[in-house]
Every structure is written in C-alpha cells, then in structure tokens.
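Participant: Here it is, the structure, as structure tokens.
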Protein chains: 2
Amino acid sequence: MAKIAVLGYGVVGSGTVELFYKNKESIIKKAGKELDIKYILDIRDFPGNPYESKLTKSIDDIWNDDEVTLVAEVMGGVNPAFDFVKGCLERGKSVVTSNKELVAKKGAELLKIAERNGCNFLFEASTGGAIPIIRPLHQCLAANTITGIAGILNGTTNFILTKMVDEQMDFGEALKIAQQLGYAEKDPTADIEGHDACRKICILSSLAFGKHVYPDWVHCEGITRITPEDALYAESWGGAVKLIGSVKRMEDGKILPIVRPAFVCSANQLSHVSDVFNGIMVYGDAIDQVMFYGRGAGKLPTASAIVADIIDAAKMNGTSVSQRWEDSSDNSFIADYKDDVVSFYVRADGASKESVAKAFGDVEYLSRENQPESELAFVAPEMAERDFDAKLKLLDGKVLGAVRILNLEG
Amino acid sequence: MAKIAVLGYGVVGSGTVELFYKNKESIIKKAGKELDIKYILDIRDFPGNPYESKLTKSIDDIWNDDEVTLVAEVMGGVNPAFDFVKGCLERGKSVVTSNKELVAKKGAELLKIAERNGCNFLFEASTGGAIPIIRPLHQCLAANTITGIAGILNGTTNFILTKMVDEQMDFGEALKIAQQLGYAEKDPTADIEGHDACRKICILSSLAFGKHVYPDWVHCEGITRITPEDALYAESWGGAVKLIGSVKRMEDGKILPIVRPAFVCSANQLSHVSDVFNGIMVYGDAIDQVMFYGRGAGKLPTASAIVADIIDAAKMNGTSVSQRWEDSSDNSFIADYKDDVVSFYVRADGASKESVAKAFGDVEYLSRENQPESELAFVAPEMAERDFDAKLKLLDGKVLGAVRILNLEG
C-alpha cells in the first residue's frame, strides 16, 4: 500500500485526482500495489468538493506522514514548490512533477537529493504534456548517441501561429482568441516570448546530454515579431513558420540549445504539427529521427503523464532510476548561437536586388499574394549568424523581418 | 557482468552487433553493469568477419553457457526461432526480439514461460522499428484507458503508396522501385497483402487490451487493388490513401483489429507520414491522441530498439516486467468488422447518379484530373459495412474501387 499526496489543486491537480479515481482499478493493477490519494494540498478552500476530507493547507501534514511515499507536485513556479519538493525528497518520498520551471531551474539539485535519499524525482509531465518523451528519450533511445532534438514545445504559440497561417490573422488578434479560449494566460509573456519552450528545451537538453542547462544560458526569441506576411512567405517557400526549441551537438562537442521562430519545410513532420499540439523530433545515430506528437498541455493530458510517473514510482519502490544528469558550474559547454551556420529568410521594404546580390550573392526570392512592389523576400545562403548580421546591414532598404530556416537536425 | 548472445547475423543482427560496439561505453553506463557480446549464432560462415571468434552454429553453446543471461533473437520466422527462444527463457535467460511473427503467433506462450522462469521477454523492436511504442504504450500511457490505435505499420507499402500519390505510378511500377531499393523483398506478399502490418497490430492489440490477438482472427486487406486514380481521389477529398492497421474498443466491450487501405484526412497526422516511415497513433481517455513516428525498419533503427531492450533487461536483473498479456482460447472478444459503422469511398464506371442516390441517398462526389465522363467517385454515408456491401450491389455500373474512410479513432 502506498499513499499519495497531491500538491496543488488547480487544473492539473484536479485532473490528476479525477484521472486517478476514474482509472483506479487498472492503475493499481499496473502499479502492482494498492494506491490511494491521502492528501491534496492547497491554500484555497473547496467547500462541497467530493475530496474535501483530503484537503490540507499544511505541507507538514504530508512531510510528517510516513504513509505518504508518493507526492505529485503540480503547483507550478519555483516558490514554494522547490521547498516543498525538497522536503519530500529529503524524507524519502518520491516526487513526480509537471513543473517545468522547477525542473529547468532546480532539476540537478533535486535529482541529487532524490538519489541521496533513495527515492525518485520524475518529470515526464514537465515537457510535452501527454506526450511520452522523457522516459522514451532516456530509456527507449538509450542505445543511441543523441545528436539533436527539435520541438514545438508550446501549444499556445503554435495555436497563434496556426491562426496566423490559416486565417491570415495578425499576432494580436490570434493572441486574443487564444486568451478567449483559455489557451493563453492574461499575461502571456512566458508563452509568447518563448520562456516556456525554453524551460522545456533545457530539460530535454539536460537529459539528452547529461549536464544541467539553465534557462539563462539559452538564447530565446518569441513569436511577437512574426507577421501574417512571414507566414505567407513560409508557405510559398514550402513550409510553415513554427516556434522551435532545439538543441544539437556541435562538432567541437559543445551543445547549442536555442528557442526561436523558424521556417520548417514540409518534409519535416514538425511542419504538420498544428493548433495546440506539440511535436518533438529526436535525432540519433541509430534511429535517424523519431517524432513524438500530442497534446502538450491541458488538464487530463498532463494528468496522464503525472499518473504514469506515480505508477512508475510505486513500482520502483525505493530503487532510484538512472534518469538524471549532473549539475554544471558554468556554461562553457554551451555554444554561441551567433557562430552557428544558418540560413535566414529576409523580408525587406525598399531594398534593391542589387544590394541583396552584393550582400548575399545568389539568393532564392519568394513571392506572396498582394506583395507590394517595394517589398522583397528571399532566403539567404547558409553562413554563420554573425556574418549574416553584418551582411544584413548592407541592404539598402528597411528590414521588416528575418526568420531562421530550420535545418533538419535542429 | 552480463554476456549477450545474438541469434541471427542478418541485417538486424549485424546492426545490433555494430551498434553495440559503436556506443558500448554509454550503453554500459546506462545498463549499470559491464556487458559484452559472447556469441553470434548463424548457420552461415563469415570468414574474415571481425567478430568471427564469437560465431557459433550451435544453440547449445548458448543454452549451456550460464554466463549468457541476455539473448537477442533477430532471426525472424517462427521456426526455429520459437524453439531457440523458448529454450533460452526456460534457462532463465532474458530474450529481446525484433521478430513480429514470433510475438504475434507465440507471444502469450513465451511471455508466460518468461514469467515462470523469472526472466523477461521484450519486443520493442517487433513493432515500429526504431519507434518507441511498446514501452510507452505500456508504461507512459498506463494511466489511460486505451480506446484505439491506428498506425502505418509497414514502410514498404507506405513507400509504394507515396510513389503512387507523388508520381502517379501504378502499383506494379512502384513495387518494382521498392524492390530495386531493397525496401521490398523478391516475394513481397507479406508486405503488400498486409500480413506484416497484421502481425504488428496483433502485438499492439494484445498489449493494449490484455488478451492475445492471433493474426488469423484479424481481417486483413493489402494494397494491391489501390490505383493511382484512388490516390488522386483521396487527394481531392482532402487526404491520402494509407495502409492502416488499427484496433478499437467497441461499445459492447469487444475489440476490432483490422488491416486495410484507408483514406486518411489531412487533419490526421498519419496522412503526413510518407515514404518508408511509420506512424502510430494511440487514443486514450486522458491523452486524447499521441503519435509516434519514425523508421519502422532497417538495420540500425531496428538495432536501436533491440539494444534498448538489452539495456532494460540488464537493468531489471531477474525481475520480470508487467509488460505481458493473457492467452486467449477463442476469438469471441473480437468484433466482426462487417458490423462496424464505416464510410466508403467508391469509384465506379458507367454508374448513374440516380442509382447512387437510390442506393446511398445524398453522397459527396469527388473529382479528379482527366476523369473520364463515365466515371463517378463519391463518399457514401456511414453505415454498417454489411449494409454498405448490400447497397453497393444496387449500383448500375461497374465498381472499380471501394476504400474505407478512416475515422479519427481507428
């Protein structure tokens, strides 16, 4: 028998409780032991809630109850989640979490505490919601040397970009609809500026390459400057514009994690991942490429990953899994994105083809419906981004947009 | 220290050996113990092969060597693979396999023998090649009630269908190219008649629903009757024609596994799975839908799954996993596909719209480039397949093709 505590009774917390009781019989069968939820921690009151008797406002109730060996942290944010989780792990209680900020900022530390205390810190729900990615990446692809990962890791921005493509909405309009539908929060900064995707690529990078990648070390651009015109040019080029979080191993052994909008060609499965869905492509020396696709957020999809981790933690029964990485003291293993060789799409007003040729040589020009006479759009040849920046200044018109082209390996 | 034997030194066997030695250091680190390949079983000689000293022609060498605790069976076929694997499991040696025929026909029996002998029978490589699907389905989606699975499970037929769509080749031409490229065998029956996909959907059905589904119980149609015209109509309808292996739970609790070509709409990610790639969509009550995509066959992709299972078996060290199902004595839990409610695309020559209306009421007509005047193509409304068969006989023309429409849940 193992008792579970759920920390946080918001969307994911209530989904976790709901899903657990809905499929309790088969969950217990798969865990191989009796399981029940004993506590739900939340500072709010839920009068009349069917699980009212399990609600508590005190983490001490959970910390001090030896019956509780499994804890699901679904509060979000670093404070007080970090202290709560740390306290659980120090008491030998395994913790599963959907909290990407916590894992991205404190993962290495918490994994070490879990290891020291013979329990587990699992985080399948922190990246890709319902999509199995953490366990498969660590376990099913274990025979591979992973060379790169590229993913659509944020459903809100993918929804907005899909609207911009399908309905030629501008960014503001699409964001408003995302907010009305509950996909985007009132303050959408974390989504639209790419911070959410950044946390997730940090987690995937840390897991795939074995050293903690902190969000501050990752170059991160959001989608606020993407226009419906860019979306049209992406289409005419043969693909779609997506917010991509990626990491790849460089020739010198460093890794390059980055978050930015990118043109993704239609031969890449990621270009077909639309609406609020997420897709994560993993590249390895034996697999070539595999993609994982599904709902990256939401009540039950995220609860699915939380409860799967609960089942796993219950089965492992004190043995700690190898799914961990080392802390890193500095970012010397992170490559400078300005050195990466990349091709850019450029849209400019009032620029002459002569100046384009002078700066970039032969380029591929793109066209779109209702293209003004003074507008040029083209794809520049591959070069170090640093060099591209310098050449772009040679254009004699006004640069309206510049978006990287995703090459197949992230 | 654990010693490994590889049964079969063909494409997958040599890939397994190659991959193991290529990434040996990280594989051992992940397994948490020293590993090495001690035997490679094959009836052929490989003079000059760097692993010649490991080659043996006698299964007894492996059976009688207590050092060997892990066996990779990559021979294919039921005989003698079944006897070899059974003998290994009976001696407490864990077996991992890429042999879909063996798992589909003998899985329940071998899983029981493994359980009885405290070892494991793992088969990630039997379905979807490099794609992690067996472990994620069993473990990462464990919190879900699985409602259905639909997949492109055979790369050869997907390559042929992609050629038919992209280059308007007929079936015979496309098959010939597949054979020239080594994607299809000289005798392509198992691929083009759907038997290979059938074995895989049997494995997935057995795992998802807990009872062994034998291939003989599954209605199976291949792609030999699909024409470039059908592919064109699929496109004009808004999708693509694919060979789909699927299973779904019916309202009465039975399950319906089936293999057949189907029109897949472009909103379904499976429609974008092209060339030799595989894609497997899983539907569940919490996840909604997740898809797994990658190379379904090939030397290193399949070896990736084999070696991952070896690592897992090494880590589990005698504890047997719950990844198993019960044998089934009869097929009373399998629904009759003729009772399933389905919509069909129909192509007919010399049929009148009056007879179509009389048989099917209002239908959606499709058109294509160079459509002969005497040709009609339409999508019939949903009805039990049995009723569709009866109504189709009422048409006053010659039916040239009839292909099911995939509904989103398999």
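Simple scheme: letters A, B, ... for chains in structure tokens order, numbers from 1 for residues in each chain, numbers from 1 for ligands in the order shown.
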Residues of chain B that approach chain A to 6 Å or less, counting only C-alpha atoms: could you list each one with the shortest pair of atoms and its distance in Å to one decimal, rows by chain and increasing residue number, as CSV?

Facilitator:
```
residue,atom,partner,partner_atom,distance
B:Ile27,CA,A:Ala143,CA,6.0
B:Ala130,CA,A:Ile287,CA,5.4
B:Pro132,CA,A:Cys140,CA,5.8
B:Cys140,CA,A:Ala308,CA,5.4
B:Ala142,CA,A:Ala308,CA,5.5
B:Ala143,CA,A:Ala308,CA,5.4
B:Ala286,CA,A:Leu300,CA,4.9
B:Ile287,CA,A:Pro301,CA,4.5
B:Gln289,CA,A:Gly294,CA,5.9
B:Val290,CA,A:Gly294,CA,4.3
B:Met291,CA,A:Tyr293,CA,4.8
B:Phe292,CA,A:Phe292,CA,4.9
B:Tyr293,CA,A:Met291,CA,4.8
B:Gly294,CA,A:Val290,CA,4.3
B:Leu300,CA,A:Ala286,CA,4.8
B:Pro301,CA,A:Ile287,CA,4.5
B:Ser304,CA,A:Ala143,CA,5.6
B:Val307,CA,A:Ala143,CA,5.7
B:Ala308,CA,A:Ala143,CA,5.4
```

Participant: Would you return as a VMD selection string the members of range 238-348 of chain B that DSSP assigns to strand (DSSP E) on this structure's backbone?

Facilitator: chain B and resid 239 to 249 255 to 265 277 to 284 288 to 295 341 to 348

Participant: CA of Asp191 in chain B to CA of Asn331 in chain B: how many Å, to one decimal?

Facilitator: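 Computing the Euclidean distance for CA of Asp191 in chain B and CA of Asn331 in chain B yields 24.4 Å.
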
Participant: Leaving out range 345-347 of chain A and any residue of its chain fewer than 3 positions from it, which residues lie within 6 Å of it when counting only C-alpha atoms, given as a list in words?

Facilitator: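 Counting only the stated atoms, we get Leu376, Ala377, Phe378, Val379, Leu400, Gly401, Ala402 and Val403 of chain A.
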
Participant: Got time to write the residues from that selection, N, CA and C atoms, as a short mmCIF file (atom, residue, chain, number, x, y, z; two decimals), in the first residue's frame?

Facilitator:
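After the write, again-v2.cif holds the following:
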```cif
data_model
loop_
_atom_site.label_atom_id
_atom_site.label_comp_id
_atom_site.auth_asym_id
_atom_site.auth_seq_id
_atom_site.Cartn_x
_atom_site.Cartn_y
_atom_site.Cartn_z
N LEU A 376 10.62 42.99 -50.94
CA LEU A 376 11.41 41.83 -51.38
C LEU A 376 11.44 40.80 -50.26
N ALA A 377 11.41 39.53 -50.64
CA ALA A 377 11.62 38.49 -49.62
C ALA A 377 12.52 37.44 -50.26
N PHE A 378 13.47 36.97 -49.50
CA PHE A 378 14.41 36.00 -50.05
C PHE A 378 14.99 35.13 -48.95
N VAL A 379 15.60 34.02 -49.38
CA VAL A 379 16.29 33.14 -48.45
C VAL A 379 17.79 33.27 -48.72
N LEU A 400 12.12 44.21 -42.69
CA LEU A 400 10.84 44.07 -41.97
C LEU A 400 10.79 42.77 -41.16
N GLY A 401 11.58 41.81 -41.57
CA GLY A 401 11.56 40.54 -40.83
C GLY A 401 12.74 39.68 -41.24
N ALA A 402 13.23 38.89 -40.29
CA ALA A 402 14.30 37.93 -40.59
C ALA A 402 14.05 36.72 -39.70
N VAL A 403 13.83 35.57 -40.34
CA VAL A 403 13.49 34.35 -39.59
C VAL A 403 14.42 33.23 -40.04
#
```

Participant: Could you list, as JSON, numbers by chain, every residue within 6 Å of Phe123 in chain B, counting only C-alpha atoms and ignoring same-chain residues fewer than 3 positions away?

Facilitator: {"B": [96, 97, 126]}

Participant: To one decimal place, how far is CA of Val85 in chain A from CA of Thr157 in chain A in Å?

Facilitator: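 Rounded to one decimal, the two atoms are 29.5 Å apart.
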